[in-house]
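K.L.:
Next comes the structure file target11.txt, holding compact mmCIF, C-alpha atoms and all ligand atoms.
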```txt
# COMPACT_ATOMS: atom_id res chain seq x y z
CA MET A 1429 0.00 0.00 0.00
CA THR A 1430 1.35 3.39 -0.91
CA LYS A 1431 -0.24 6.55 0.30
CA GLN A 1432 1.80 9.65 -0.10
CA LYS A 1433 1.76 12.33 2.53
CA PRO A 1434 -0.53 15.08 1.31
CA THR A 1435 1.19 18.34 0.53
CA PRO A 1436 -1.14 21.21 -0.37
CA ALA A 1437 1.59 22.59 -2.62
CA ALA A 1438 0.76 19.84 -5.13
CA PHE A 1439 -2.21 21.94 -6.23
CA ALA A 1440 0.08 24.88 -6.80
CA ARG A 1441 -1.95 26.50 -9.55
CA PRO A 1442 -5.57 26.73 -8.35
CA ALA A 1443 -6.87 27.43 -11.87
CA GLU A 1444 -5.31 24.22 -13.19
CA ARG A 1445 -7.75 21.53 -14.26
CA LEU A 1446 -7.21 18.09 -12.82
CA ARG A 1447 -8.86 14.81 -13.76
CA ALA A 1448 -9.00 11.29 -12.38
CA SER A 1449 -6.11 9.37 -13.93
CA PRO A 1450 -7.36 6.68 -16.33
CA SER A 1451 -4.53 4.42 -15.07
CA PHE A 1452 -6.33 3.96 -11.75
CA VAL A 1453 -9.45 1.86 -11.26
CA GLN A 1454 -11.71 2.04 -8.25
CA ALA A 1455 -12.27 -1.08 -6.21
CA LEU A 1456 -13.65 -2.17 -2.86
CA THR A 1457 -12.08 -4.46 -0.30
CA LEU A 1458 -14.19 -7.43 0.85
CA ASP A 1459 -15.30 -5.40 3.83
CA GLY A 1460 -16.37 -2.53 1.61
CA ARG A 1461 -13.46 -0.07 1.94
CA PRO A 1462 -12.88 1.90 -1.26
CA TYR A 1463 -9.47 2.25 -2.87
CA VAL A 1464 -8.00 2.95 -6.28
CA ALA A 1465 -5.33 0.76 -7.82
CA LYS A 1466 -2.98 1.67 -10.63
CA GLU A 1467 -3.02 -0.80 -13.47
CA THR A 1468 0.32 0.03 -14.96
CA GLU A 1469 3.79 0.21 -13.47
CA PRO A 1470 4.56 1.34 -10.82
CA TYR A 1471 1.58 -0.39 -9.21
CA ILE A 1472 0.09 1.78 -6.48
CA GLN A 1473 -2.89 1.27 -4.22
CA TYR A 1474 -4.38 4.38 -2.68
CA TRP A 1475 -6.98 3.95 0.03
CA LEU A 1476 -9.78 6.45 -0.10
CA SER A 1477 -11.54 8.12 2.78
CA GLU A 1478 -15.21 8.82 2.18
CA ARG A 1479 -14.30 12.45 1.47
CA GLU A 1480 -11.69 11.39 -1.10
CA ARG A 1481 -14.10 8.93 -2.74
CA VAL A 1482 -16.67 11.68 -3.28
CA LEU A 1483 -13.99 14.15 -4.35
CA LEU A 1484 -12.54 11.79 -6.93
CA GLY A 1485 -15.95 11.61 -8.56
CA GLN A 1486 -15.77 15.39 -9.10
CA PHE A 1487 -12.79 14.87 -11.40
CA ALA A 1488 -14.27 12.05 -13.46
CA ALA A 1489 -15.19 14.08 -16.55
CA ARG A 1490 -12.69 13.95 -19.42
CA GLY A 1491 -11.96 17.67 -19.26
CA GLY A 1492 -11.42 17.44 -15.51
CA ALA A 1493 -12.32 20.11 -12.96
CA SER A 1494 -10.63 23.06 -11.28
CA LEU A 1495 -10.09 23.15 -7.51
CA ALA A 1496 -13.02 25.59 -7.16
CA GLU A 1497 -15.38 23.47 -9.27
CA ALA A 1498 -14.47 20.23 -7.51
CA THR A 1499 -14.77 21.81 -4.08
CA ALA A 1500 -18.16 23.33 -4.87
CA GLY A 1501 -19.33 20.00 -6.34
CA TYR A 1502 -18.16 18.19 -3.25
CA PHE A 1503 -20.05 20.40 -0.81
CA ARG A 1504 -23.15 20.30 -3.03
CA SER A 1505 -23.19 16.52 -3.29
CA ARG A 1506 -22.66 16.02 0.43
CA GLY A 1507 -25.05 18.78 1.50
CA LEU A 1508 -22.34 20.22 3.77
CA ALA A 1509 -21.62 23.80 4.75
CA PRO A 1510 -18.25 24.86 3.28
CA THR A 1511 -16.47 25.81 6.54
CA ALA A 1512 -12.86 26.98 6.37
CA ALA A 1513 -11.65 23.87 8.17
CA GLU A 1514 -13.53 21.52 5.83
CA ARG A 1515 -12.26 23.46 2.79
CA ALA A 1516 -8.70 23.02 4.00
CA ARG A 1517 -9.27 19.26 4.39
CA VAL A 1518 -10.67 19.06 0.87
CA ALA A 1519 -7.66 20.95 -0.54
CA ARG A 1520 -5.30 18.63 1.35
CA ASP A 1521 -7.05 15.52 0.06
CA ILE A 1522 -6.95 16.76 -3.51
CA ALA A 1523 -3.25 17.56 -3.13
CA GLY A 1524 -2.61 14.08 -1.74
CA MET A 1525 -4.37 12.40 -4.63
CA ARG A 1526 -2.47 14.60 -7.05
CA GLU A 1527 0.82 13.71 -5.43
CA ALA A 1528 0.09 9.98 -5.76
CA GLY A 1529 -0.96 10.34 -9.41
CA VAL A 1530 -4.58 9.43 -8.68
CA LEU A 1531 -5.38 12.89 -10.00
CA MET A 1532 -3.38 14.38 -12.83
CA GLY A 1533 -3.28 17.55 -14.90
CA ALA A 1534 -6.15 17.34 -17.42
CA ASP A 1535 -3.62 17.70 -20.26
CA GLU A 1536 -0.88 15.58 -18.74
CA ASP A 1537 0.24 12.29 -20.23
CA THR A 1538 -0.39 9.10 -18.28
CA SER A 1539 2.28 7.17 -20.03
CA ARG A 1540 5.98 6.70 -19.59
CA TYR A 1541 6.36 7.48 -23.29
CA ASP A 1542 7.06 11.21 -23.52
CA ALA A 1543 7.09 13.35 -26.67
CA ARG A 1544 10.76 12.64 -27.42
CA ILE A 1545 10.27 8.89 -27.13
CA VAL A 1546 7.24 9.12 -29.43
CA ARG A 1547 9.39 10.71 -32.18
CA ASP A 1548 12.08 8.07 -31.92
CA TYR A 1549 9.58 5.26 -31.54
CA VAL A 1550 7.84 6.22 -34.80
CA ALA A 1551 11.15 6.57 -36.65
CA HIS A 1552 12.97 3.53 -35.29
CA ARG A 1553 10.38 0.98 -34.20
CA PRO A 1554 8.22 0.61 -37.32
CA PHE A 1555 5.74 -2.25 -37.35
CA PRO A 1556 6.59 -4.72 -40.14
CA ARG A 1557 4.40 -4.38 -43.22
CA GLU A 1558 4.48 -8.15 -43.74
CA ILE A 1559 2.90 -8.85 -40.35
CA ALA A 1560 0.16 -6.27 -40.87
CA GLN A 1561 -0.52 -7.89 -44.24
CA ALA A 1562 -0.66 -11.37 -42.66
CA ILE A 1563 -3.33 -10.06 -40.24
CA VAL A 1564 -5.33 -8.49 -43.07
CA ASP A 1565 -5.19 -11.75 -45.04
CA SER A 1566 -5.92 -14.15 -42.16
CA ALA A 1567 -8.96 -12.19 -40.98
CA ALA A 1568 -10.03 -11.16 -44.50
CA ILE A 1569 -10.25 -7.55 -43.31
CA GLY A 1570 -12.44 -5.51 -45.64
CA ARG A 1571 -14.02 -2.06 -45.76
CA ASP A 1572 -16.52 -2.66 -42.95
CA THR A 1573 -14.55 -4.96 -40.67
CA ARG A 1574 -14.67 -3.58 -37.13
CA VAL A 1575 -11.13 -3.64 -35.77
CA VAL A 1576 -9.59 -2.55 -32.48
CA ASP A 1577 -5.83 -2.32 -31.93
CA LEU A 1578 -5.20 -2.50 -28.19
CA ALA A 1579 -2.30 -0.54 -26.70
CA GLY A 1580 -1.50 0.45 -30.25
CA GLY A 1581 1.19 3.04 -29.47
CA PRO A 1582 1.72 5.58 -32.27
CA GLY A 1583 -0.52 3.55 -34.55
CA ASP A 1584 1.62 1.74 -37.14
CA LEU A 1585 -0.48 -1.41 -37.10
CA ALA A 1586 -3.80 0.42 -36.69
CA LEU A 1587 -2.94 2.66 -39.65
CA ALA A 1588 -2.00 -0.30 -41.82
CA LEU A 1589 -5.36 -1.89 -40.96
CA ALA A 1590 -7.17 1.43 -41.48
CA ALA A 1591 -5.89 1.44 -45.06
CA ARG A 1592 -8.23 -1.56 -45.51
CA SER A 1593 -11.12 -0.92 -43.17
CA GLN A 1594 -12.98 2.26 -42.39
CA ARG A 1595 -13.82 1.05 -38.91
CA VAL A 1596 -10.53 0.80 -37.04
CA SER A 1597 -10.07 2.04 -33.47
CA LEU A 1598 -6.89 2.38 -31.50
CA MET A 1599 -7.04 2.17 -27.71
CA GLU A 1600 -4.05 3.65 -25.86
CA LEU A 1601 -3.10 5.15 -22.54
CA SER A 1602 -0.39 7.46 -23.85
CA ARG A 1603 -1.76 10.78 -25.06
CA GLY A 1604 1.50 11.45 -26.90
CA PHE A 1605 1.09 8.25 -28.91
CA LEU A 1606 -2.60 8.96 -29.55
CA ALA A 1607 -1.83 12.45 -30.81
CA ALA A 1608 0.87 11.04 -33.10
CA ALA A 1609 -1.50 8.35 -34.41
CA ARG A 1610 -4.25 10.90 -35.11
CA LYS A 1611 -1.85 13.17 -36.97
CA ARG A 1612 -0.47 10.29 -39.01
CA ALA A 1613 -4.03 9.18 -39.89
CA ARG A 1614 -4.86 12.70 -41.06
CA ASP A 1615 -1.65 12.89 -43.12
CA LEU A 1616 -2.39 9.52 -44.72
CA GLY A 1617 -6.07 10.34 -45.21
CA VAL A 1618 -7.27 7.17 -43.46
CA PRO A 1619 -10.07 7.08 -40.88
CA LEU A 1620 -8.94 6.11 -37.39
CA ALA A 1621 -10.95 6.35 -34.18
CA THR A 1622 -8.85 6.79 -31.04
CA VAL A 1623 -9.85 5.82 -27.52
CA HIS A 1624 -7.87 7.13 -24.56
CA ASP A 1625 -8.46 4.43 -22.02
CA SER A 1626 -6.88 1.48 -20.32
CA CYS A 1627 -7.19 -1.78 -22.21
CA ASN A 1628 -7.61 -3.47 -18.86
CA ARG A 1629 -11.18 -2.25 -18.89
CA LEU A 1630 -12.56 -3.90 -21.96
CA VAL A 1631 -16.13 -3.69 -20.82
CA TYR A 1632 -17.85 -3.74 -24.17
CA ARG A 1633 -21.06 -5.27 -25.43
CA ASP A 1634 -21.35 -8.49 -27.40
CA ASP A 1635 -20.46 -8.16 -31.01
CA THR A 1636 -18.51 -4.90 -30.84
CA TRP A 1637 -15.53 -5.94 -32.97
CA ASP A 1638 -14.70 -8.49 -35.66
CA VAL A 1639 -10.96 -8.28 -35.09
CA ALA A 1640 -8.82 -7.33 -32.10
CA THR A 1641 -5.05 -7.00 -32.18
CA VAL A 1642 -2.44 -6.39 -29.53
CA SER A 1643 1.18 -5.91 -30.48
CA GLN A 1644 4.20 -5.84 -28.19
CA ALA A 1645 1.97 -4.85 -25.31
CA LEU A 1646 0.18 -7.82 -23.75
CA HIS A 1647 2.94 -8.05 -21.15
CA TRP A 1648 1.99 -4.55 -19.98
CA LEU A 1649 -1.67 -5.44 -19.67
CA ASP A 1650 -3.82 -7.60 -17.45
CA ASP A 1651 -4.18 -10.47 -19.91
CA VAL A 1652 -7.04 -12.03 -17.94
CA ALA A 1653 -9.05 -8.81 -18.17
CA VAL A 1654 -8.21 -8.42 -21.86
CA CYS A 1655 -9.21 -11.99 -22.72
CA ARG A 1656 -12.42 -11.79 -20.67
CA GLY A 1657 -13.35 -8.58 -22.44
CA LEU A 1658 -12.65 -10.05 -25.86
CA VAL A 1659 -14.59 -13.24 -25.20
CA ARG A 1660 -17.61 -11.03 -24.89
CA ALA A 1661 -16.92 -8.24 -27.35
CA LEU A 1662 -15.71 -10.21 -30.37
CA ALA A 1663 -18.35 -11.08 -32.94
CA ALA A 1664 -19.20 -14.58 -34.11
CA GLY A 1665 -16.21 -15.79 -36.14
CA GLY A 1666 -14.15 -12.96 -34.61
CA HIS A 1667 -10.35 -12.93 -34.64
CA PHE A 1668 -7.75 -12.02 -32.04
CA PHE A 1669 -4.11 -11.51 -32.99
CA VAL A 1670 -1.26 -11.26 -30.51
CA VAL A 1671 2.10 -10.00 -31.73
CA HIS A 1672 5.08 -10.78 -29.54
CA SER A 1673 8.61 -9.62 -30.33
CA ALA A 1674 12.13 -9.84 -29.00
CA MET A 1675 15.35 -8.17 -30.05
CA GLU A 1676 18.69 -9.90 -30.16
CA VAL A 1677 22.03 -8.18 -30.54
CA PRO A 1678 25.44 -9.88 -30.60
CA ASP A 1679 27.76 -9.44 -27.64
CA THR A 1680 30.00 -7.29 -29.86
CA HIS A 1681 27.23 -4.74 -30.43
CA PRO A 1682 28.21 -1.30 -29.05
CA LEU A 1683 24.97 -1.15 -27.04
CA ALA A 1684 25.12 -4.79 -25.86
CA TYR A 1685 25.53 -3.48 -22.31
CA LEU A 1686 21.95 -2.09 -22.65
CA LEU A 1687 20.22 -4.31 -25.20
CA GLY A 1688 22.17 -7.56 -25.02
CA HIS A 1689 21.79 -10.89 -23.25
CA ASP A 1690 23.72 -9.84 -20.16
CA SER A 1691 22.81 -6.20 -19.97
CA ILE A 1692 22.84 -3.89 -16.99
CA LEU A 1693 19.05 -3.89 -17.26
CA GLY A 1694 18.76 -7.65 -16.81
CA ARG A 1695 19.64 -11.09 -18.12
CA LYS A 1696 17.97 -12.70 -21.13
CA ALA A 1697 18.15 -16.42 -21.83
CA ARG A 1698 20.22 -17.43 -24.84
CA ALA A 1699 17.45 -19.66 -26.13
CA PRO A 1700 15.59 -19.85 -29.44
CA PHE A 1701 12.82 -17.26 -29.72
CA ALA A 1702 10.21 -20.03 -30.06
CA THR A 1703 10.89 -21.13 -26.47
CA GLU A 1704 9.90 -17.62 -25.37
CA VAL A 1705 6.68 -17.79 -27.36
CA GLN A 1706 5.63 -21.22 -26.08
CA PRO A 1707 4.64 -20.18 -22.54
CA LEU A 1708 2.64 -17.26 -23.93
CA VAL A 1709 0.77 -19.61 -26.24
CA ARG A 1710 0.10 -22.04 -23.39
CA ARG A 1711 -1.11 -19.31 -21.08
CA LEU A 1712 -3.50 -17.77 -23.60
CA ASP A 1713 -4.81 -21.22 -24.56
CA ARG A 1714 -5.59 -22.01 -20.96
CA LEU A 1715 -7.13 -18.63 -20.36
CA PHE A 1716 -9.53 -18.96 -23.27
CA GLU A 1717 -10.30 -22.53 -22.29
CA ALA A 1718 -11.09 -21.47 -18.71
CA LEU A 1719 -13.26 -18.59 -19.93
CA ASP A 1720 -15.21 -21.05 -22.05
CA THR A 1721 -15.74 -23.80 -19.51
CA THR A 1722 -19.28 -24.89 -18.75
CA ALA A 1723 -18.21 -27.20 -15.95
CA VAL A 1724 -18.60 -24.50 -13.32
CA GLN A 1725 -21.98 -23.09 -12.41
CA ARG A 1726 -21.71 -19.37 -12.32
CA VAL A 1727 -23.40 -16.19 -13.34
CA ASP A 1728 -21.01 -14.54 -15.72
CA LEU A 1729 -21.92 -11.95 -18.28
CA ASN A 1730 -18.84 -12.94 -20.23
CA GLU A 1731 -20.11 -16.45 -20.76
CA ARG A 1732 -22.42 -15.81 -23.65
CA GLY A 1733 -20.64 -13.67 -26.17
CA ALA A 1734 -21.90 -13.13 -29.69
CA GLY A 1735 -20.13 -16.30 -30.72
CA GLY A 1736 -22.98 -18.30 -29.20
CA GLY A 1737 -20.55 -20.31 -27.08
CA ALA A 1738 -17.87 -20.76 -29.77
CA GLY A 1739 -14.82 -19.87 -27.74
CA LEU A 1740 -11.62 -18.28 -28.95
CA ARG A 1741 -9.22 -20.99 -30.03
CA ALA A 1742 -5.80 -21.18 -31.63
CA ASP A 1743 -6.00 -20.82 -35.36
CA GLY A 1744 -2.46 -20.30 -36.56
CA VAL A 1745 0.96 -18.96 -35.78
CA ALA A 1746 3.76 -17.46 -37.84
CA LEU A 1747 7.30 -16.54 -36.87
CA PHE A 1748 9.33 -13.81 -38.55
CA ARG A 1749 13.00 -12.79 -38.45
CA GLN A 1750 14.08 -9.30 -39.27
CA ALA A 1751 17.69 -8.22 -39.63
CA ARG A 1752 17.86 -4.58 -38.60
CA PRO A 1753 20.14 -1.96 -37.05
CA PHE A 1754 19.77 -1.28 -33.34
CA GLY A 1755 21.38 2.13 -33.12
CA LEU A 1756 21.01 5.20 -30.98
CA GLY A 1757 17.53 5.98 -32.44
CA TYR A 1758 16.23 2.56 -31.45
CA ALA A 1759 17.66 2.94 -27.94
CA ARG A 1760 16.01 6.36 -27.65
CA GLY A 1761 12.63 4.91 -28.70
CA PHE A 1762 13.03 2.02 -26.30
CA LEU A 1763 14.67 3.17 -23.10
CA THR A 1764 12.69 5.29 -20.69
CA PRO A 1765 13.92 7.52 -17.85
CA ARG A 1766 13.24 4.60 -15.51
CA HIS A 1767 15.70 2.40 -17.39
CA ILE A 1768 18.29 5.16 -17.30
CA ALA A 1769 17.78 5.64 -13.56
CA VAL A 1770 18.90 2.01 -13.07
CA THR A 1771 22.32 2.91 -14.47
CA GLY A 1772 22.84 5.65 -11.88
CA MET A 1773 23.89 8.07 -14.65
CA THR A 1774 22.27 11.38 -15.45
CA PRO A 1775 20.25 11.22 -18.70
CA GLU A 1776 22.74 13.64 -20.32
CA ASP A 1777 25.78 11.49 -19.45
CA PHE A 1778 23.92 8.32 -20.33
CA TRP A 1779 23.00 9.49 -23.84
CA ALA A 1780 26.40 11.11 -24.48
CA ASP A 1781 28.06 7.80 -23.64
CA ALA A 1782 25.67 5.74 -25.81
CA GLU A 1783 26.10 8.18 -28.70
CA ALA A 1784 29.89 7.99 -28.50
CA ARG A 1785 29.79 4.18 -28.54
CA CYS A 1786 27.49 4.11 -31.59
CA ALA A 1787 29.54 6.75 -33.43
CA ALA A 1788 32.70 4.69 -32.96
CA ALA A 1789 31.09 1.55 -34.44
CA ALA A 1790 30.94 0.50 -38.08
CA PRO A 1791 27.32 0.22 -39.41
CA ALA A 1792 27.58 -3.59 -39.59
CA GLN A 1793 28.34 -3.73 -35.87
CA LEU A 1794 24.95 -2.15 -35.13
CA MET A 1795 23.03 -4.97 -36.79
CA GLY A 1796 20.95 -7.44 -34.82
CA THR A 1797 17.81 -9.51 -35.20
CA HIS A 1798 14.26 -8.66 -34.32
CA HIS A 1799 12.18 -11.80 -33.80
CA TRP A 1800 8.42 -11.62 -34.21
CA ALA A 1801 5.60 -14.06 -33.51
CA LEU A 1802 2.05 -13.63 -34.77
CA LEU A 1803 -0.50 -15.69 -32.81
CA HIS A 1804 -3.96 -16.02 -34.28
CA PHE A 1805 -7.05 -16.95 -32.24
CA ARG A 1806 -10.49 -17.28 -33.78
CA ARG A 1807 -13.92 -18.08 -32.46
CA GLY A 1808 -14.32 -21.73 -33.26
CA GLY A 1809 -10.64 -21.98 -34.33
CA LEU A 1810 -8.77 -25.28 -34.71
CA GLY A 1811 -7.52 -25.32 -31.13
CA GLU A 1812 -4.11 -26.69 -32.05
CA TRP A 1813 -0.69 -25.11 -32.39
CA PRO A 1814 2.10 -26.52 -34.52
CA ASP A 1815 5.42 -27.34 -32.86
CA LEU A 1816 6.85 -23.83 -32.59
CA LEU A 1817 10.43 -25.07 -32.39
CA ALA A 1818 10.02 -26.83 -35.73
CA LEU A 1819 8.52 -23.75 -37.38
CA ALA A 1820 10.80 -21.94 -39.86
CA PRO A 1821 10.67 -18.16 -39.39
CA ARG A 1822 10.00 -16.06 -42.46
CA GLU A 1823 12.73 -13.50 -43.22
CA ILE A 1824 11.30 -10.00 -43.52
CA GLY A 1825 12.79 -6.65 -44.45
CA TYR A 1826 13.35 -3.54 -42.37
CA GLU A 1827 12.14 -0.14 -43.50
CA SER A 1828 12.80 2.78 -41.21
CA ALA A 1829 10.06 5.42 -41.22
C1 LIG A 1901 5.81 -1.39 -26.60
S1 LIG A 1901 4.43 -0.37 -26.86
C2 LIG A 1901 3.63 -1.18 -28.22
C3 LIG A 1901 2.96 -0.21 -29.15
C4 LIG A 1901 2.44 -0.80 -30.44
N1 LIG A 1901 1.38 -1.75 -30.20
C5 LIG A 1901 3.56 -1.43 -31.25
O1 LIG A 1901 3.53 -2.63 -31.50
O2 LIG A 1901 4.47 -0.69 -31.63
C6 LIG A 1901 3.41 -0.72 -25.48
C7 LIG A 1901 2.17 0.18 -25.44
O3 LIG A 1901 1.28 -0.23 -24.42
C8 LIG A 1901 0.61 0.94 -23.95
N2 LIG A 1901 -0.05 0.59 -22.68
C9 LIG A 1901 0.53 0.14 -21.54
N3 LIG A 1901 -0.42 -0.12 -20.62
C10 LIG A 1901 -1.63 0.19 -21.21
C11 LIG A 1901 -2.99 0.12 -20.77
N4 LIG A 1901 -3.31 -0.33 -19.55
N5 LIG A 1901 -3.95 0.47 -21.64
C12 LIG A 1901 -3.65 0.92 -22.88
N6 LIG A 1901 -2.38 1.01 -23.33
C13 LIG A 1901 -1.40 0.64 -22.52
C14 LIG A 1901 1.76 1.94 -23.84
O4 LIG A 1901 1.32 3.26 -23.72
C15 LIG A 1901 2.49 1.63 -25.14
O5 LIG A 1901 1.99 2.39 -26.20
```
Would you encode the structure as structure tokens?

P.N.:
Amino acid sequence: MTKQKPTPAAFARPAERLRASPSFVQALTLDGRPYVAKETEPYIQYWLSERERVLLGQFAARGGASLAEATAGYFRSRGLAPTAAERARVARDIAGMREAGVLMGADEDTSRYDARIVRDYVAHRPFPREIAQAIVDSAAIGRDTRVVDLAGGPGDLALALAARSQRVSLMELSRGFLAAARKRARDLGVPLATVHDSCNRLVYRDDTWDVATVSQALHWLDDVAVCRGLVRALAAGGHFFVVHSAMEVPDTHPLAYLLGHDSILGRKARAPFATEVQPLVRRLDRLFEALDTTAVQRVDLNERGAGGGAGLRADGVALFRQARPFGLGYARGFLTPRHIAVTGMTPEDFWADAEARCAAAAPAQLMGTHHWALLHFRRGGLGEWPDLLALAPREIGYESA
């Protein structure tokens, strides 16, 4: 449990609009005590007093509320007289929630991806055309196919799908990524709906989408919540694609100390990529199987999705190998201030050092391999996976944006 000490200074500009952070969800303990829990790293639980619970509701609107509006709304809803002492308590509570991130500036970004990372991400982490095409082909995406790309980042995959279908949505927590995706959609002249919300709250009606995709992001999400939501929201015959990826650089790579097998950020097994994909496949299989079981008597709105009981089942898998450079741009689109903090260096020193190492290397030394897996689930799918270790990956090209 983390509850920061309230400091009224956190609401330094009284005219500023604050809103409830979409990264936090409200919950109740078994004995009925309310709290909010953050769904993304760093995970925080913040226990709410009755006053805080009511106050938080004042900031629920998308545009947020000012201190004056929220305070007035609070006193109105509780039918209390706004005494000076009670006003001070309200201001302190709001400051405390702000400090913990439960409340945030109405225009602030929720995500660890800031504007600079967005630029480098778009330029140096392009989504492979071949994989987008494989999704289009496998799901026969056409003009009216309803598609959602979950945690879609700056929109590469969603935009590729929007070139086929007029009904593509991208759901993302990062405002910076959403803004980039919207601009790119405008520039390309393709329709793209954007939803600023957590994918851990996929509370949608039956038959909302024909296709859902999630690329390089399921590990950030609550996969149980995502799968439960999709079991309900995917249409009969609906498809779900999971893209998983891993980079591999040789030990001689100038950034091996950051991106390599034995990096200062952690250790990665020197095992074939397929062995990394296998547990993911097993887990998702079991999840969908459990969500589909009729052996347990329960009342569960998720049980009867539009598929009329046809659960989501494995329907195919493809592996891809992409030779590509992992240079300074990639590192900038990948490493966040939190990674850099681990090194104990200031961001300036950290980047100056990385830049010098890359500048001293020949272009060939920057090359590595990006491994990709495309998992396909379909309502009423085959339910069987091939032996991933025996599967030959398809070589694909690299095009920087
Ligand atoms: C590595 S990026 C992947 C982006 C994109 N799908 C791609 O393949 O390039 C992970 C994304 O997950 C998003 N994300 C993390 N937690 C989320 C959540 N709870 N709801 C929505 N998006 C989330 C991040 O903002 C980020 O854009």

K.L.:
List the spatial neighbours of His1798 (chain A) as a list in words - criterion: any atom at most 12 Å away, all atoms listed in the file, same-chain residues fewer than 5 positions off excluded.

P.N.:
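These residues fall inside the cut-off: Arg1553, Pro1554, Phe1555, Pro1556, His1672, Ser1673, Ala1674, Met1675, Glu1676, Val1677, Pro1678, Leu1687, Phe1701, Leu1747, Phe1748, Arg1749, Gln1750, Ala1751, Arg1752, Pro1753, Phe1754, Tyr1758, Pro1821, Arg1822, Glu1823, Ile1824, Gly1825 and Tyr1826 of chain A.
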
K.L.:
Distance CA of Val1745 (chain A)-CA of His1804 (chain A), one decimal place?

P.N.:
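Computing the Euclidean distance for CA of Val1745 (chain A) and CA of His1804 (chain A) yields 5.9 Å.
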
K.L.:
Could I get the residue neighbourhood of ligand LIG 1901 (chain A) at 9 Å, counting all atoms listed in the file, as a PyMOL selection string?

P.N.:
chain A and resi 1450-1451+1467-1469+1538-1541+1549-1550+1553-1555+1577-1586+1599-1606+1624-1629+1641-1650+1671-1673+1762

K.L.:
Can you list, as a list in words, every protein, DNA or RNA residue that comes within 9 Å of Ala1702 (chain A) when you count all atoms listed in the file, leaving out same-chain residues fewer than 4 positions away?

P.N.:
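Residues near the query, excluding close chain neighbours: Gln1706, Leu1747, Ala1801, Leu1816, Leu1817, Ala1818 and Leu1819 of chain A.
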
K.L.:
Which distance in Å separates CA of Met1525 (chain A) and CA of Tyr1471 (chain A), to one decimal?

P.N.:
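Going from CA of Met1525 (chain A) over to CA of Tyr1471 (chain A), I get 14.8 Å.
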
K.L.:
So, counting only C-alpha atoms, which residue among A:Ser1494, A:Ser1566, A:Thr1622, A:Thr1511 is closest to Met1532 (chain A)?

P.N.:
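Under the stated criterion, the closest residue is A:Ser1494.
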
K.L.:
Quick one, how far is CA of Phe1778 (chain A) from CA of Leu1756 (chain A)?

P.N.:
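CA of Leu1756 (chain A) lies at a distance of 11.5 Å from CA of Phe1778 (chain A).
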
K.L.:
Excluding Gly1666 (chain A) and its own-chain neighbours fewer than 3 positions away, which residues fall within 6 Å of it when counting all atoms listed in the file? Please give them as number ranges by chain.

P.N.:
A: 1638-1639, 1662-1663, 1806-1807

K.L.:
Using only C-alpha atoms, which protein or nucleic acid residues come within 12 Å of Ser1505 (chain A)? Drop anything in the same chain fewer than 6 positions from it, and give the result as a PyMOL selection string.

P.N.:
chain A and resi 1479+1481-1483+1485-1486+1498-1499

K.L.:
Counting all atoms listed in the file, which of A:Val1705, A:Leu1476, A:Leu1715, A:Val1453 gets nearest to Asp1815 (chain A)?

P.N.:
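The closest residue to Asp1815 (chain A) is A:Val1705.
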
K.L.:
Compare A:Asp1634, A:Asp1690, A:Asp1743, A:Glu1827 by their minimum atom-to-atom distance to Phe1669 (chain A), counting only C-alpha atoms, and give me the closest one.

P.N.:
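Going through A:Asp1634, A:Asp1690, A:Asp1743, A:Glu1827 one by one, the smallest distance to Phe1669 (chain A) is for A:Asp1743.
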